[in-house]
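File shown: my_file.cif. Contents: mmCIF, C-alpha atoms and all ligand atoms.
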data_upload
#
loop_
_atom_site.label_atom_id
_atom_site.label_comp_id
_atom_site.auth_asym_id
_atom_site.auth_seq_id
_atom_site.Cartn_x
_atom_site.Cartn_y
_atom_site.Cartn_z
CA MET A 24 13.35 -19.95 -40.75
CA LEU A 25 11.09 -17.30 -42.18
CA PRO A 26 12.70 -13.99 -42.90
CA ASP A 27 11.75 -11.27 -40.46
CA ASP A 28 11.08 -8.74 -43.08
CA VAL A 29 10.21 -10.30 -46.39
CA SER A 30 9.27 -7.16 -48.25
CA GLY A 31 11.19 -4.43 -46.53
CA ARG A 32 8.02 -3.77 -44.57
CA ARG A 33 6.30 -4.89 -41.44
CA VAL A 34 5.91 -8.57 -40.73
CA VAL A 35 3.28 -9.61 -38.23
CA ARG A 36 3.55 -12.94 -36.45
CA TYR A 37 0.75 -14.70 -34.67
CA PRO A 38 1.49 -17.51 -32.24
CA VAL A 39 1.61 -20.92 -33.84
CA ASN A 40 0.43 -23.90 -31.85
CA PRO A 41 3.75 -24.99 -30.23
CA GLY A 42 2.97 -28.68 -30.77
CA SER A 43 2.30 -28.20 -34.43
CA GLN A 44 4.94 -29.41 -36.91
CA ARG A 45 3.03 -27.99 -39.79
CA ALA A 46 1.49 -24.56 -39.64
CA SER A 47 -0.21 -22.27 -42.04
CA CYS A 48 0.88 -19.15 -43.70
CA LEU A 49 -1.41 -16.36 -44.72
CA VAL A 50 -0.26 -13.34 -46.61
CA LEU A 51 -2.22 -10.13 -46.72
CA PHE A 52 -1.15 -8.03 -49.62
CA GLU A 53 -2.26 -4.57 -50.55
CA ALA A 54 -1.61 -2.57 -53.66
CA GLU A 55 -2.33 1.01 -54.47
CA PRO A 56 -4.36 1.27 -57.67
CA GLU A 57 -2.39 3.97 -59.41
CA ARG A 58 1.05 2.52 -58.70
CA GLU A 59 0.31 -1.14 -59.04
CA MET A 60 -1.95 -1.70 -62.00
CA ASN A 61 0.09 -4.68 -63.17
CA VAL A 62 -0.43 -6.32 -59.80
CA LEU A 63 -4.13 -5.60 -59.84
CA GLU A 64 -4.58 -7.20 -63.23
CA LYS A 65 -3.17 -10.42 -61.84
CA ILE A 66 -4.96 -10.25 -58.52
CA PRO A 67 -8.68 -9.62 -58.86
CA ALA A 68 -9.13 -7.81 -55.55
CA LEU A 69 -7.43 -4.51 -54.86
CA VAL A 70 -6.85 -5.72 -51.36
CA ARG A 71 -6.99 -9.49 -51.25
CA ILE A 72 -6.27 -12.10 -48.74
CA GLY A 73 -4.19 -14.77 -50.35
CA LEU A 74 -3.96 -18.22 -48.99
CA ILE A 75 -0.44 -19.26 -49.78
CA SER A 76 -0.58 -22.56 -48.03
CA SER A 77 -2.80 -24.17 -45.49
CA HIS A 78 -1.02 -27.51 -45.40
CA GLN A 79 2.59 -27.00 -46.28
CA PRO A 80 5.35 -26.70 -43.76
CA LEU A 81 6.34 -23.15 -43.06
CA LYS A 82 9.51 -23.43 -45.10
CA SER A 83 7.76 -24.21 -48.34
CA ALA A 84 5.14 -21.54 -47.64
CA ALA A 85 8.01 -19.10 -47.29
CA GLU A 86 9.45 -20.33 -50.59
CA CYS A 87 6.10 -19.76 -52.20
CA LEU A 88 5.98 -16.24 -50.84
CA ARG A 89 9.49 -15.53 -52.07
CA ARG A 90 8.48 -16.67 -55.57
CA PHE A 91 5.61 -14.18 -55.53
CA LEU A 92 8.05 -11.49 -54.55
CA VAL A 93 10.61 -12.41 -57.16
CA GLU A 94 7.97 -12.50 -59.86
CA GLY A 95 6.98 -9.00 -58.83
CA LEU A 96 3.42 -9.98 -58.02
CA LEU A 97 3.57 -8.42 -54.58
CA ARG A 98 5.38 -5.20 -54.22
CA ALA A 99 3.36 -2.59 -52.43
CA HIS A 100 2.86 -3.87 -48.95
CA ILE A 101 2.98 -7.25 -47.33
CA GLN A 102 2.03 -8.62 -43.99
CA LEU A 103 2.96 -12.14 -43.19
CA VAL A 104 0.67 -13.84 -40.78
CA ILE A 105 1.31 -17.29 -39.40
CA ARG A 106 -1.54 -19.08 -37.73
CA PRO A 107 -2.60 -22.58 -36.86
CA LYS A 108 -4.50 -24.24 -39.65
CA ASP A 109 -7.96 -24.23 -38.05
CA VAL A 110 -7.81 -20.52 -37.28
CA LEU A 111 -6.57 -19.83 -40.75
CA GLN A 112 -9.33 -21.78 -42.44
CA LYS A 113 -12.00 -19.92 -40.47
CA PHE A 114 -10.35 -16.63 -41.28
CA ALA A 115 -10.08 -17.37 -44.98
CA MET A 116 -13.71 -18.45 -45.13
CA ASN A 117 -15.02 -15.39 -43.30
CA ASN A 118 -13.10 -13.11 -45.55
CA SER A 119 -14.22 -14.50 -48.88
CA GLU A 120 -17.57 -12.67 -48.70
CA ALA A 121 -15.84 -9.48 -47.62
CA ASP A 122 -13.41 -9.81 -50.54
CA GLU A 123 -16.19 -10.44 -52.99
CA THR A 124 -18.17 -7.44 -51.72
CA GLN A 125 -15.10 -5.25 -51.81
CA ASP A 126 -14.34 -6.32 -55.40
CA PHE A 127 -17.91 -5.51 -56.30
CA TRP A 128 -17.77 -1.96 -54.89
CA ASN A 129 -14.44 -1.33 -56.58
CA ARG A 130 -16.00 -2.44 -59.85
CA VAL A 131 -19.01 -0.14 -59.57
CA ALA A 132 -17.35 2.86 -57.90
CA ASP A 133 -17.25 5.02 -61.03
CA ASP A 134 -20.88 4.23 -61.79
CA TRP A 135 -21.72 4.98 -58.14
CA LYS A 136 -20.35 8.47 -58.61
CA ILE A 137 -22.82 8.94 -61.48
CA GLN A 138 -25.57 7.65 -59.18
CA VAL A 139 -25.02 10.05 -56.27
CA GLY A 140 -23.10 12.92 -57.88
CA THR A 141 -22.45 15.74 -55.45
CA ARG A 142 -25.97 15.93 -53.98
CA GLY A 143 -27.04 12.30 -53.51
CA ASP A 144 -29.60 10.44 -55.61
CA SER A 145 -33.31 11.23 -55.68
CA ASN A 146 -34.17 8.72 -52.93
CA ARG A 147 -31.71 10.45 -50.62
CA ILE A 148 -32.84 13.95 -51.58
CA LEU A 149 -36.57 13.25 -51.45
CA ASN A 150 -36.82 10.75 -48.61
CA SER A 151 -33.90 10.00 -46.33
CA ASP A 152 -31.70 13.13 -46.22
CA PRO A 153 -34.15 15.18 -44.13
CA VAL A 154 -34.27 12.39 -41.54
CA LEU A 155 -30.49 11.95 -41.62
CA TRP A 156 -29.92 15.66 -40.94
CA ARG A 157 -32.62 15.77 -38.25
CA PHE A 158 -31.05 12.79 -36.47
CA ALA A 159 -27.54 14.26 -36.87
CA GLY A 160 -28.57 17.66 -35.47
CA ASN A 161 -26.13 20.55 -35.54
CA VAL A 162 -22.81 19.05 -36.64
CA LYS A 163 -20.77 22.25 -36.42
CA GLY A 164 -17.53 21.58 -34.56
CA LEU A 165 -18.22 17.85 -34.18
CA LYS A 166 -15.77 15.11 -35.12
CA VAL A 167 -17.76 13.01 -37.57
CA LEU A 168 -16.94 9.66 -39.17
CA ASP A 169 -18.66 9.00 -42.52
CA ALA A 170 -18.44 5.20 -42.41
CA GLY A 171 -18.76 3.62 -45.87
CA CYS A 172 -18.44 7.10 -47.39
CA GLY A 173 -18.36 5.89 -51.02
CA THR A 174 -17.39 8.78 -53.31
CA GLY A 175 -17.54 11.21 -50.40
CA TYR A 176 -20.41 13.54 -51.32
CA LEU A 177 -21.94 13.32 -47.82
CA SER A 178 -18.54 13.89 -46.18
CA LYS A 179 -18.33 17.12 -48.18
CA GLN A 180 -21.85 18.16 -47.12
CA LEU A 181 -20.92 17.48 -43.48
CA ALA A 182 -17.75 19.57 -43.86
CA ASP A 183 -19.80 22.37 -45.45
CA ARG A 184 -21.92 22.36 -42.28
CA GLY A 185 -18.84 22.85 -40.14
CA ALA A 186 -18.07 19.26 -39.10
CA ASN A 187 -14.54 17.93 -38.83
CA VAL A 188 -15.06 14.90 -41.08
CA THR A 189 -13.19 11.70 -41.85
CA GLY A 190 -14.53 9.38 -44.54
CA VAL A 191 -13.65 5.69 -44.65
CA ASP A 192 -14.57 3.03 -47.17
CA PHE A 193 -13.11 -0.39 -47.94
CA SER A 194 -13.23 0.28 -51.66
CA GLU A 195 -9.94 1.78 -52.81
CA ARG A 196 -11.58 3.07 -55.96
CA MET A 197 -14.28 4.91 -53.99
CA ILE A 198 -11.60 6.52 -51.82
CA ALA A 199 -9.50 7.44 -54.87
CA ILE A 200 -12.53 9.24 -56.34
CA ALA A 201 -13.32 10.97 -53.02
CA ARG A 202 -9.73 12.17 -52.63
CA LYS A 203 -9.66 13.49 -56.19
CA ASP A 204 -13.03 15.25 -55.96
CA TYR A 205 -12.53 16.67 -52.48
CA PRO A 206 -8.81 17.35 -52.07
CA GLY A 207 -7.81 18.50 -48.62
CA MET A 208 -10.45 16.35 -46.95
CA GLU A 209 -9.52 13.25 -44.98
CA PHE A 210 -10.39 9.88 -46.52
CA HIS A 211 -8.99 6.47 -45.62
CA VAL A 212 -9.32 2.98 -47.02
CA ASP A 213 -10.66 1.03 -44.08
CA SER A 214 -13.26 -1.62 -43.38
CA CYS A 215 -16.23 -0.77 -41.17
CA THR A 216 -15.78 -4.11 -39.45
CA SER A 217 -12.34 -3.20 -38.13
CA LEU A 218 -11.92 0.59 -38.46
CA GLN A 219 -8.20 0.08 -38.00
CA THR A 220 -7.40 3.68 -38.91
CA VAL A 221 -9.59 4.98 -36.11
CA ASP A 222 -8.83 5.16 -32.40
CA GLU A 223 -11.24 4.20 -29.66
CA GLY A 224 -13.58 7.01 -28.61
CA GLU A 225 -12.41 9.35 -31.38
CA PHE A 226 -15.72 10.61 -32.80
CA ASP A 227 -18.77 12.56 -31.57
CA LEU A 228 -20.94 11.32 -34.41
CA LEU A 229 -20.82 8.44 -36.89
CA ILE A 230 -22.97 8.32 -40.01
CA ALA A 231 -23.38 5.23 -42.16
CA ASN A 232 -25.57 6.18 -45.10
CA TYR A 233 -26.83 3.10 -46.99
CA VAL A 234 -23.98 0.87 -45.86
CA LEU A 235 -25.19 -1.78 -43.41
CA MET A 236 -27.21 -3.80 -45.95
CA ASP A 237 -24.06 -3.89 -48.09
CA THR A 238 -21.67 -5.16 -45.50
CA PRO A 239 -21.29 -8.91 -44.88
CA ASP A 240 -20.49 -8.68 -41.16
CA LEU A 241 -23.23 -6.63 -39.50
CA GLN A 242 -22.28 -7.28 -35.89
CA GLY A 243 -18.58 -6.65 -36.58
CA ALA A 244 -19.40 -3.28 -38.13
CA VAL A 245 -21.77 -2.19 -35.36
CA ASN A 246 -19.24 -3.21 -32.68
CA ALA A 247 -16.57 -1.15 -34.43
CA PHE A 248 -18.98 1.83 -34.67
CA PHE A 249 -19.52 1.61 -30.92
CA ARG A 250 -15.78 1.42 -30.23
CA VAL A 251 -14.84 4.56 -32.17
CA LEU A 252 -17.54 6.78 -30.64
CA LYS A 253 -16.94 8.91 -27.57
CA PRO A 254 -19.12 8.10 -24.59
CA GLY A 255 -22.35 9.97 -25.26
CA GLY A 256 -21.67 9.99 -29.01
CA ALA A 257 -24.32 9.08 -31.55
CA ALA A 258 -24.60 6.94 -34.67
CA VAL A 259 -27.04 7.72 -37.47
CA LEU A 260 -27.59 4.64 -39.59
CA VAL A 261 -29.68 4.79 -42.76
CA PHE A 262 -30.06 1.63 -44.82
CA SER A 263 -32.37 0.00 -47.34
CA HIS A 264 -35.65 -1.16 -45.83
CA PRO A 265 -35.21 -4.89 -45.30
CA CYS A 266 -38.95 -5.60 -45.46
CA PHE A 267 -39.45 -4.15 -48.97
CA PRO A 268 -36.79 -5.39 -51.41
CA GLN A 269 -36.83 -2.81 -54.20
CA GLY A 270 -34.94 -5.06 -56.60
CA ASP A 271 -37.77 -7.58 -56.44
CA ALA A 272 -40.79 -5.33 -56.80
CA THR A 273 -43.35 -5.18 -59.59
CA ILE A 274 -45.30 -2.04 -60.21
CA ALA A 275 -48.68 -2.28 -61.92
CA SER A 276 -49.80 0.40 -64.36
CA GLY A 277 -52.04 1.84 -61.65
CA GLY A 278 -49.02 2.23 -59.37
CA GLU A 279 -49.68 -0.69 -57.02
CA VAL A 280 -46.45 -2.30 -55.84
CA THR A 281 -45.94 -5.99 -55.13
CA TYR A 282 -42.83 -7.27 -53.37
CA HIS A 283 -41.65 -10.80 -54.01
CA TRP A 284 -39.88 -13.05 -51.57
CA ALA A 285 -38.03 -15.96 -53.13
CA PHE A 286 -36.87 -17.05 -49.66
CA SER A 287 -37.96 -16.71 -46.06
CA TYR A 288 -37.90 -13.14 -44.78
CA PHE A 289 -36.46 -14.47 -41.53
CA ARG A 290 -33.34 -15.87 -43.20
CA GLN A 291 -30.06 -14.03 -43.37
CA LYS A 292 -28.96 -14.25 -46.98
CA LYS A 293 -26.42 -12.90 -49.40
CA CYS A 294 -28.43 -11.62 -52.38
CA VAL A 295 -27.39 -10.82 -55.92
CA ASP A 296 -29.66 -8.51 -57.93
CA PRO A 297 -29.35 -7.93 -61.66
CA PRO A 298 -27.92 -4.59 -62.78
CA TRP A 299 -30.30 -1.63 -62.53
CA GLY A 300 -30.26 1.91 -63.92
CA HIS A 301 -26.96 2.75 -65.59
CA PHE A 302 -25.03 0.01 -63.72
CA SER A 303 -23.56 -2.85 -65.69
CA SER A 304 -22.75 -5.13 -62.75
CA ASP A 305 -24.92 -7.38 -60.59
CA PHE A 306 -25.49 -5.95 -57.11
CA ILE A 307 -24.41 -7.83 -53.99
CA TRP A 308 -26.21 -7.08 -50.74
CA PHE A 309 -27.15 -8.88 -47.54
CA HIS A 310 -30.68 -9.46 -46.36
CA ARG A 311 -31.41 -9.65 -42.63
CA PRO A 312 -34.74 -9.25 -40.89
CA LEU A 313 -35.23 -5.85 -39.27
CA SER A 314 -35.06 -7.31 -35.78
CA ASP A 315 -31.52 -8.60 -36.47
CA TYR A 316 -30.37 -5.01 -36.90
CA TRP A 317 -32.04 -4.02 -33.63
CA LYS A 318 -30.39 -6.94 -31.85
CA ALA A 319 -26.96 -6.09 -33.31
CA PHE A 320 -27.30 -2.48 -32.08
CA LYS A 321 -28.29 -3.60 -28.58
CA SER A 322 -25.65 -6.30 -28.46
CA ALA A 323 -22.90 -3.78 -29.31
CA GLY A 324 -24.05 -1.69 -26.31
CA PHE A 325 -26.01 1.04 -28.09
CA ASP A 326 -29.25 2.63 -26.91
CA VAL A 327 -31.72 2.99 -29.75
CA VAL A 328 -33.05 6.53 -29.36
CA ASP A 329 -34.92 7.16 -32.61
CA PHE A 330 -36.28 5.27 -35.60
CA GLU A 331 -37.94 6.44 -38.80
CA GLU A 332 -39.15 5.07 -42.14
CA PRO A 333 -38.25 8.05 -44.33
CA ARG A 334 -40.81 9.27 -46.86
CA VAL A 335 -41.22 12.41 -48.92
CA THR A 336 -42.88 15.35 -47.19
CA GLU A 337 -44.96 17.97 -48.97
CA ASP A 338 -42.33 20.69 -48.73
CA ARG A 339 -40.04 18.53 -50.91
CA TYR A 340 -42.46 17.50 -53.65
CA HIS A 341 -40.93 20.13 -55.95
CA LEU A 342 -37.53 18.38 -55.71
CA ALA A 343 -38.78 15.28 -57.57
CA ASP A 344 -37.27 14.87 -61.05
CA ASN A 345 -40.54 13.57 -62.44
CA PRO A 346 -44.09 12.58 -61.35
CA LYS A 347 -43.18 8.88 -61.27
CA LYS A 348 -40.42 9.41 -58.72
CA LEU A 349 -42.71 11.54 -56.61
CA ALA A 350 -45.49 8.94 -56.75
CA ASN A 351 -43.00 6.20 -55.78
CA SER A 352 -41.67 8.20 -52.85
CA LYS A 353 -45.20 8.75 -51.55
CA ILE A 354 -46.03 5.08 -51.39
CA ARG A 355 -42.81 3.01 -51.30
CA PRO A 356 -40.72 2.62 -48.14
CA TYR A 357 -37.15 2.70 -49.43
CA SER A 358 -35.19 2.92 -46.20
CA VAL A 359 -35.06 2.84 -42.44
CA ALA A 360 -33.14 5.31 -40.25
CA PHE A 361 -31.90 4.65 -36.73
CA LYS A 362 -30.33 6.99 -34.24
CA LEU A 363 -28.22 5.20 -31.63
CA LYS A 364 -26.39 6.50 -28.62
CA LYS A 365 -23.36 5.25 -26.75
CA SER A 366 -24.37 6.14 -23.24
CA GLY A 367 -21.98 8.22 -21.18
CA GLU A 368 -21.46 11.63 -19.72
CA ALA A 369 -18.66 13.14 -21.76
CA ALA A 370 -20.75 13.77 -24.85
CA LYS A 371 -20.37 16.85 -26.96
CA PHE A 372 -23.35 15.51 -28.86
CA GLY A 373 -26.73 16.61 -27.48
C1 LIG A 401 -24.59 2.03 -51.27
S1 LIG A 401 -22.95 2.61 -51.11
C2 LIG A 401 -23.19 4.08 -50.15
C3 LIG A 401 -22.01 5.00 -50.21
C4 LIG A 401 -22.25 6.37 -49.51
N1 LIG A 401 -22.46 6.22 -48.10
C5 LIG A 401 -23.40 7.04 -50.19
O1 LIG A 401 -24.41 7.30 -49.53
O2 LIG A 401 -23.27 7.34 -51.40
C6 LIG A 401 -22.27 1.47 -49.91
C7 LIG A 401 -20.84 1.78 -49.58
O3 LIG A 401 -20.46 1.02 -48.45
C8 LIG A 401 -19.15 0.56 -48.64
N2 LIG A 401 -18.96 -0.62 -47.78
C9 LIG A 401 -19.70 -1.75 -47.71
N3 LIG A 401 -19.24 -2.58 -46.76
C10 LIG A 401 -18.20 -1.92 -46.19
C11 LIG A 401 -17.29 -2.26 -45.15
N4 LIG A 401 -17.36 -3.42 -44.50
N5 LIG A 401 -16.33 -1.37 -44.83
C12 LIG A 401 -16.22 -0.19 -45.48
N6 LIG A 401 -17.04 0.17 -46.50
C13 LIG A 401 -18.02 -0.68 -46.84
C14 LIG A 401 -19.06 0.27 -50.13
O4 LIG A 401 -17.74 0.24 -50.61
C15 LIG A 401 -19.85 1.45 -50.67
O5 LIG A 401 -19.02 2.56 -50.91
#
Just dump the structure as structure tokens.
Amino acid sequence: MLPDDVSGRRVVRYPVNPGSQRASCLVLFEAEPEREMNVLEKIPALVRIGLISSHQPLKSAAECLRRFLVEGLLRAHIQLVIRPKDVLQKFAMNNSEADETQDFWNRVADDWKIQVGTRGDSNRILNSDPVLWRFAGNVKGLKVLDAGCGTGYLSKQLADRGANVTGVDFSERMIAIARKDYPGMEFHVDSCTSLQTVDEGEFDLLIANYVLMDTPDLQGAVNAFFRVLKPGGAAVLVFSHPCFPQGDATIASGGEVTYHWAFSYFRQKKCVDPPWGHFSSDFIWFHRPLSDYWKAFKSAGFDVVDFEEPRVTEDRYHLADNPKKLANSKIRPYSVAFKLKKSGEAAKFG
């Protein structure tokens, strides 16, 4: 028999195929960075899904789990999930990309703070922020979810404009930075694909600023966005332009830009770019053709109400750090911006 409460915390059981003699055991374990550094050194992900056993009988899986506990590897929080083997294998496979992406963002979180600071980087300031704010409209008094909030600078800007903001990100390190820099604001560790910390129909407006190209499960995230919006609520989604991969561009001395495609544009593909700027890590992102985004939005139930390819406008030329950045912004499409609506009557959002 498995203990009901292996860690002094909640144990979740999923039905096991009644005919099955041998089942699988999956343990989800979470650790808080500050309290559990020794755990984190041994387990590469801050939140990792560990496959204890996919073949062993439950009893030996339980033994295995107990050993982890005794050795002090798992202390912060444990959920025990028992599932039939086939379900488990699918689950473990689907989550490996999410784990890897989450590890990556934890690794680069401190460098990301240098990248965006408190105002956003120059691409945001010159090109996409004006579109984001135009699509968002007057946020005063709205309940706003900053999905994939990173270090939280946009959450703070939303709060400064009078919104009641919650920021979520699956990177614990990003959230730790956001909480430290903006104490008193609400930030949660949560994945956009589940948004477990958020109730259905809770928000008037959701903003995901440069997140969707970084998340492995596009449809899962968009479905969750739809779920947490009130009827009539809106989503503003800004993400890197999938047609013009900036990491694979060459710029001639005269300024002409050439984009390279090492694979078919129509393929969905996990991509790894070499480090750029001050970053020391490779960058993981996910290519999908533009139409896949459109289809995901429609399939979740959204109406697409606006679309823009942000570019610098004359009134912002003076904000460019240098002539090269200004020239780039004039000719290079860095991002796309969508405004989506969850149709319904009860909207606070206009
Ligand atoms: C390019 S950064 C943008 C961060 C922030 N929105 C900004 O504009 O600075 C992408 C962010 O998305 C987060 N992210 C990616 N996939 C996610 C997911 N499935 N759930 C929650 N956060 C995710 C990453 O941890 C990272 O903080």
With only C-alpha atoms and all ligand atoms counted, collect every polymer residue having an atom within 9 Å of ligand LIG 401 (chain A); state the result as a PDB file with C-alpha atoms, in the frame of the given file.
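Dumped everything to result_29.pdb:
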ATOM      1  CA  ALA A 121     -15.840  -9.480 -47.620  1.00  0.00           C
ATOM      2  CA  THR A 124     -18.170  -7.440 -51.720  1.00  0.00           C
ATOM      3  CA  GLN A 125     -15.100  -5.250 -51.810  1.00  0.00           C
ATOM      4  CA  ASP A 126     -14.340  -6.320 -55.400  1.00  0.00           C
ATOM      5  CA  PHE A 127     -17.910  -5.510 -56.300  1.00  0.00           C
ATOM      6  CA  TRP A 128     -17.770  -1.960 -54.890  1.00  0.00           C
ATOM      7  CA  ASN A 129     -14.440  -1.330 -56.580  1.00  0.00           C
ATOM      8  CA  ALA A 132     -17.350   2.860 -57.900  1.00  0.00           C
ATOM      9  CA  TRP A 135     -21.720   4.980 -58.140  1.00  0.00           C
ATOM     10  CA  LYS A 136     -20.350   8.470 -58.610  1.00  0.00           C
ATOM     11  CA  GLN A 138     -25.570   7.650 -59.180  1.00  0.00           C
ATOM     12  CA  VAL A 139     -25.020  10.050 -56.270  1.00  0.00           C
ATOM     13  CA  GLY A 140     -23.100  12.920 -57.880  1.00  0.00           C
ATOM     14  CA  GLY A 143     -27.040  12.300 -53.510  1.00  0.00           C
ATOM     15  CA  ASP A 144     -29.600  10.440 -55.610  1.00  0.00           C
ATOM     16  CA  ARG A 147     -31.710  10.450 -50.620  1.00  0.00           C
ATOM     17  CA  ASP A 169     -18.660   9.000 -42.520  1.00  0.00           C
ATOM     18  CA  ALA A 170     -18.440   5.200 -42.410  1.00  0.00           C
ATOM     19  CA  GLY A 171     -18.760   3.620 -45.870  1.00  0.00           C
ATOM     20  CA  CYS A 172     -18.440   7.100 -47.390  1.00  0.00           C
ATOM     21  CA  GLY A 173     -18.360   5.890 -51.020  1.00  0.00           C
ATOM     22  CA  THR A 174     -17.390   8.780 -53.310  1.00  0.00           C
ATOM     23  CA  GLY A 175     -17.540  11.210 -50.400  1.00  0.00           C
ATOM     24  CA  TYR A 176     -20.410  13.540 -51.320  1.00  0.00           C
ATOM     25  CA  LEU A 177     -21.940  13.320 -47.820  1.00  0.00           C
ATOM     26  CA  SER A 178     -18.540  13.890 -46.180  1.00  0.00           C
ATOM     27  CA  VAL A 191     -13.650   5.690 -44.650  1.00  0.00           C
ATOM     28  CA  ASP A 192     -14.570   3.030 -47.170  1.00  0.00           C
ATOM     29  CA  PHE A 193     -13.110  -0.390 -47.940  1.00  0.00           C
ATOM     30  CA  SER A 194     -13.230   0.280 -51.660  1.00  0.00           C
ATOM     31  CA  GLU A 195      -9.940   1.780 -52.810  1.00  0.00           C
ATOM     32  CA  ARG A 196     -11.580   3.070 -55.960  1.00  0.00           C
ATOM     33  CA  MET A 197     -14.280   4.910 -53.990  1.00  0.00           C
ATOM     34  CA  ILE A 198     -11.600   6.520 -51.820  1.00  0.00           C
ATOM     35  CA  VAL A 212      -9.320   2.980 -47.020  1.00  0.00           C
ATOM     36  CA  ASP A 213     -10.660   1.030 -44.080  1.00  0.00           C
ATOM     37  CA  SER A 214     -13.260  -1.620 -43.380  1.00  0.00           C
ATOM     38  CA  CYS A 215     -16.230  -0.770 -41.170  1.00  0.00           C
ATOM     39  CA  THR A 216     -15.780  -4.110 -39.450  1.00  0.00           C
ATOM     40  CA  SER A 217     -12.340  -3.200 -38.130  1.00  0.00           C
ATOM     41  CA  LEU A 218     -11.920   0.590 -38.460  1.00  0.00           C
ATOM     42  CA  ILE A 230     -22.970   8.320 -40.010  1.00  0.00           C
ATOM     43  CA  ALA A 231     -23.380   5.230 -42.160  1.00  0.00           C
ATOM     44  CA  ASN A 232     -25.570   6.180 -45.100  1.00  0.00           C
ATOM     45  CA  TYR A 233     -26.830   3.100 -46.990  1.00  0.00           C
ATOM     46  CA  VAL A 234     -23.980   0.870 -45.860  1.00  0.00           C
ATOM     47  CA  LEU A 235     -25.190  -1.780 -43.410  1.00  0.00           C
ATOM     48  CA  MET A 236     -27.210  -3.800 -45.950  1.00  0.00           C
ATOM     49  CA  ASP A 237     -24.060  -3.890 -48.090  1.00  0.00           C
ATOM     50  CA  THR A 238     -21.670  -5.160 -45.500  1.00  0.00           C
ATOM     51  CA  PRO A 239     -21.290  -8.910 -44.880  1.00  0.00           C
ATOM     52  CA  ASP A 240     -20.490  -8.680 -41.160  1.00  0.00           C
ATOM     53  CA  LEU A 241     -23.230  -6.630 -39.500  1.00  0.00           C
ATOM     54  CA  GLY A 243     -18.580  -6.650 -36.580  1.00  0.00           C
ATOM     55  CA  ALA A 244     -19.400  -3.280 -38.130  1.00  0.00           C
ATOM     56  CA  VAL A 261     -29.680   4.790 -42.760  1.00  0.00           C
ATOM     57  CA  PHE A 262     -30.060   1.630 -44.820  1.00  0.00           C
ATOM     58  CA  SER A 263     -32.370   0.000 -47.340  1.00  0.00           C
ATOM     59  CA  TRP A 308     -26.210  -7.080 -50.740  1.00  0.00           C
TER      60      TRP A 308
END
message: Taking all atoms listed in the file into account, name the residue in A:Leu252, A:Gly270, A:Tyr357, A:Leu260 that is nearest to Asp305 (chain A).
response: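 Looking only at the distances to Asp305 (chain A), the closest residue turns out to be A:Gly270.
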message: What's around region 320-333 of chain A at 6 Å? Count all atoms listed in the file, leave out sequence neighbours fewer than 3 positions away in its own chain, and write the answer as an NGL selection string.
response: :A and (150-151 or 246 or 317 or 359-365)
field: Within-12 Å shell of (-26.2, 18.6, -39.1) in input frame, all atoms listed in the file, as a ChimeraX atom specification
entry: /A:152-167,177-178,180-188,228-230,259,372-373
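Rounded to one decimal, CA of Ile354 (chain A) and CA of Phe286 (chain A) lie 24.0 Å from each other.
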10 Å contact set for Pro312 (chain A), only C-alpha atoms, chain neighbours under 5 positions out, as a PDB file with C-alpha atoms, keeping the file's coordinate frame:
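result.pdb was written with the following content:
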ATOM      1  CA  HIS A 264     -35.650  -1.160 -45.830  1.00  0.00           C
ATOM      2  CA  PRO A 265     -35.210  -4.890 -45.300  1.00  0.00           C
ATOM      3  CA  CYS A 266     -38.950  -5.600 -45.460  1.00  0.00           C
ATOM      4  CA  SER A 287     -37.960 -16.710 -46.060  1.00  0.00           C
ATOM      5  CA  TYR A 288     -37.900 -13.140 -44.780  1.00  0.00           C
ATOM      6  CA  PHE A 289     -36.460 -14.470 -41.530  1.00  0.00           C
ATOM      7  CA  ARG A 290     -33.340 -15.870 -43.200  1.00  0.00           C
ATOM      8  CA  GLN A 291     -30.060 -14.030 -43.370  1.00  0.00           C
ATOM      9  CA  LYS A 292     -28.960 -14.250 -46.980  1.00  0.00           C
ATOM     10  CA  TRP A 317     -32.040  -4.020 -33.630  1.00  0.00           C
TER      11      TRP A 317
END
query: How far is it from CA of Phe226 (chain A) to CA of Thr189 (chain A), in Å with one decimal?
result: 9.5 Å
- request: Work out how far CA of Phe210 (chain A) is from CA of Phe248 (chain A), in Å to one decimal.
  value: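 Taking CA of Phe248 (chain A) and CA of Phe210 (chain A), their separation equals 16.7 Å.
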task: Determine, counting all atoms listed in the file, which protein, DNA and RNA residues have an atom within 6 Å of an atom of Val251 (chain A); residues of the same chain fewer than 2 positions away are not included. Present the result as JSON, numbers by chain.
output: {"A": [223, 224, 225, 248, 249]}
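Distances from A:Lys347, A:Lys179, A:Arg130, A:His310 to Gly278 (chain A) were compared using only C-alpha atoms, and the smallest one belongs to A:Lys347.
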- request: Find the residues around Asp271 (chain A) up to 7 Å (only C-alpha atoms counted), leave out those fewer than 3 positions away in its own chain, and share them as a ChimeraX atom specification.
  value: /A:268,282-283
- request: Using all atoms listed in the file, collect all residues at a distance of at most 7 Å from (-27.0, -12.6, -52.7) as written in the file, then present them as a ChimeraX atom specification.
  value: /A:292-295,307-309
What box, with edges along x, y and z, holds each listed atom of region 212-225 of chain A when 6 Å is added on every side, and can you state its centre and edge lengths in Å to one decimal, as JSON?
{"center_x": -11.8, "center_y": 2.6, "center_z": -37.8, "size_x": 20.8, "size_y": 25.5, "size_z": 30.4}
